[in-house]
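A.B. asks: Below is the structure I would like to discuss, written out as structure tokens.
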2 protein chains.
Amino acid sequence: MNIGTAARQSGVPAKTIRYYESVGLIGAAERTASGYRVYGRDDVETLRFVQRARSLGFSVEAVGNLLTLWRDRSRSSAEVKALAERRVADIDRKMAELAEMRATLLYLTERCHGDARPECPILLGLAGKAAASDSD
Amino acid sequence: MNIGTAARQSGVPAKTIRYYESVGLIGAAERTASGYRVYGRDDVETLRFVQRARSLGFSVEAVGNLLTLWRDRSRSSAEVKALAERRVADIDRKMAELAEMRATLLYLTERCHGDARPECPILLGLAGKAAASDSD
DNA sequence: GCCGGACCTTCCCATCTTTGGAAGGTTATC
DNA sequence: GATAACCTTCCAAAGATGGGAAGGTCCGGC
């Protein structure tokens, strides 16, 4: 099948498939005499795997590792688990960061009248002056 | 003061200050006869504002809007509040996404022995086959 | 009056993962 | 043989920096 078909079947855009090939995440596809890339069912499966892993936030590089492990029958599940756990830790860090941002923003927005008046604790907060709390 | 001093006082790296100038987030600084950028206390204050807003996850473009509102004495606090609330909504979306990733990863890792054996529900999960649950 | 070191300047490249487009060749169908 | 729908490569953009090269400048000490 051509790249367009593989794209439709795997959910990975043709453009992105070419990119994955260019950075070595997936192997170079065979070509027809006229230069068209040719894919088989296995390739589509690999692309789906990549797609799922990416959607779970693994970097392209990490997906490369996962692919290697996927294909390596002698690998230990511990390696895979370690990768996944590192990913969970990344996510936790990111979530904590977002939670902190959110709390700060909420603190500021709750104190802002949000009307036609110009007084705005949000801007004061961003400016570094403590948000006014005189009316709390 | 020179850019290095402004950088130290604002917490924004010199390199980044130049970038902000180049994309129009902050105005072009005046120059000495020899071409050095010159900053005053107001500029440092602006940079701090930018720094705080960026650390709350506002994009450079959004910070531009906030800066405009900050300087506009006739603006309504409602405008600012709307921006901040949109930001909170962004954060909520992102956190929900991360939570979903996390749950999936955790579901898979919990089912993985994590030993020397190659069986690995994580890889099966990524491959699209439902993770085996025969030993649950 | 000059030297060293710390500062500044611009410019280009790298990051990361796509996505868009331009210019051009191919395949299939009418 | 025209037309549409594919495919190819290559270049550039996005966002927000960071790194480094090549070169000019400022200040203190001797």
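The chains in the structure tokens are called A, B, ... from first to last as shown; in each chain the residues are counted from 1, and the ligands are counted from 1 in the order shown.
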Can you write out as a Markdown table which residues of chain B fall within 12 Å of chain D, alongside each residue's closest atom pair and its distance in Å to one decimal, counting only C-alpha atoms (C1' of nucleotides) and ordering rows by chain and ascending residue number?
C.D. replies:
```
| residue | atom | partner | partner_atom | distance |
| --- | --- | --- | --- | --- |
| B:Asn2 | CA | D:DC26 | C1' | 11.6 |
| B:Val12 | CA | D:DT17 | C1' | 11.2 |
| B:Pro13 | CA | D:DT17 | C1' | 9.7 |
| B:Ala14 | CA | D:DT17 | C1' | 11.1 |
| B:Lys15 | CA | D:DT17 | C1' | 8.2 |
| B:Thr16 | CA | D:DT17 | C1' | 6.8 |
| B:Ile17 | CA | D:DT17 | C1' | 10.4 |
| B:Arg18 | CA | D:DT17 | C1' | 10.8 |
| B:Tyr19 | CA | D:DT17 | C1' | 8.3 |
| B:Tyr20 | CA | D:DA16 | C1' | 9.6 |
| B:Val23 | CA | D:DA16 | C1' | 10.9 |
| B:Thr32 | CA | D:DT25 | C1' | 11.0 |
| B:Ala33 | CA | D:DT25 | C1' | 10.7 |
| B:Ser34 | CA | D:DT25 | C1' | 7.4 |
| B:Gly35 | CA | D:DT25 | C1' | 9.5 |
| B:Tyr36 | CA | D:DT25 | C1' | 9.0 |
| B:Arg54 | CA | D:DA16 | C1' | 10.5 |
| B:Gly57 | CA | D:DA16 | C1' | 11.9 |
| B:Phe58 | CA | D:DA16 | C1' | 11.9 |
| B:Ser59 | CA | D:DG15 | C1' | 8.6 |
| B:Val60 | CA | D:DA16 | C1' | 8.4 |
| B:Glu61 | CA | D:DG15 | C1' | 10.2 |
```
A.B. asks: With 12 Å as the cut-off and only C-alpha atoms (C1' of nucleotides) counted, what is the closest atom pair between each nearby residue of chain C and chain A? Distances in Å to one decimal, ordered by chain and number, as JSON lines.
C.D. replies:
```
{"residue": "C:DC16", "atom": "C1'", "partner": "A:Ser59", "partner_atom": "CA", "distance": 9.0}
{"residue": "C:DT17", "atom": "C1'", "partner": "A:Val60", "partner_atom": "CA", "distance": 8.4}
{"residue": "C:DT18", "atom": "C1'", "partner": "A:Thr16", "partner_atom": "CA", "distance": 6.8}
{"residue": "C:DT19", "atom": "C1'", "partner": "A:Lys15", "partner_atom": "CA", "distance": 8.0}
{"residue": "C:DG20", "atom": "C1'", "partner": "A:Lys15", "partner_atom": "CA", "distance": 10.3}
{"residue": "C:DG25", "atom": "C1'", "partner": "A:Ser34", "partner_atom": "CA", "distance": 8.6}
{"residue": "C:DT26", "atom": "C1'", "partner": "A:Ser34", "partner_atom": "CA", "distance": 7.3}
{"residue": "C:DT27", "atom": "C1'", "partner": "A:Ser34", "partner_atom": "CA", "distance": 10.3}
```
A.B. asks: Determine which residues of chain B sit within 6 Å of chain A, taking into account only C-alpha atoms, and present them as a list in words.
C.D. replies: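 So the residues of chain B near chain A are Phe49, Arg52, Leu56, Arg75, Ser76, Ser77, Ala78, Lys81, Val88, Met101, Arg102, Thr109, Gly114, Asp115, Ala116, Arg117, Pro118, Cys120, Leu126 and Ala127 of chain B.
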A.B. asks: Tell me, in Å to one decimal, how far atom CA of Ala29 of chain B is from atom CA of Thr68 of chain B.
C.D. replies: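 Taking atom CA of Ala29 of chain B and atom CA of Thr68 of chain B, their separation equals 17.4 Å.
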A.B. asks: Could you pull out all residues of segment 21-108 of chain A with a DSSP call of strand (DSSP E or B) and give them as JSON, numbers by chain?
C.D. replies: {"A": [30, 31, 37, 38]}
A.B. asks: What separation in Å, quoted to one decimal, exists between atom CA of Gly11 of chain B and atom CA of Arg41 of chain B?
C.D. replies: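 Between these atoms lies a distance of 13.6 Å.
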A.B. asks: How many Å lie between atom CA of Ile3 of chain B and atom CA of Tyr39 of chain B, rounded to one decimal?
C.D. replies: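 The value is 6.9 Å.
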A.B. asks: Per DSSP on the backbone, filter chain A down to the residues in alpha helix (DSSP H) and report them as a VMD selection string.
C.D. replies: chain A and resid 3 to 10 14 to 22 41 to 55 60 to 71 77 to 110 121 to 127
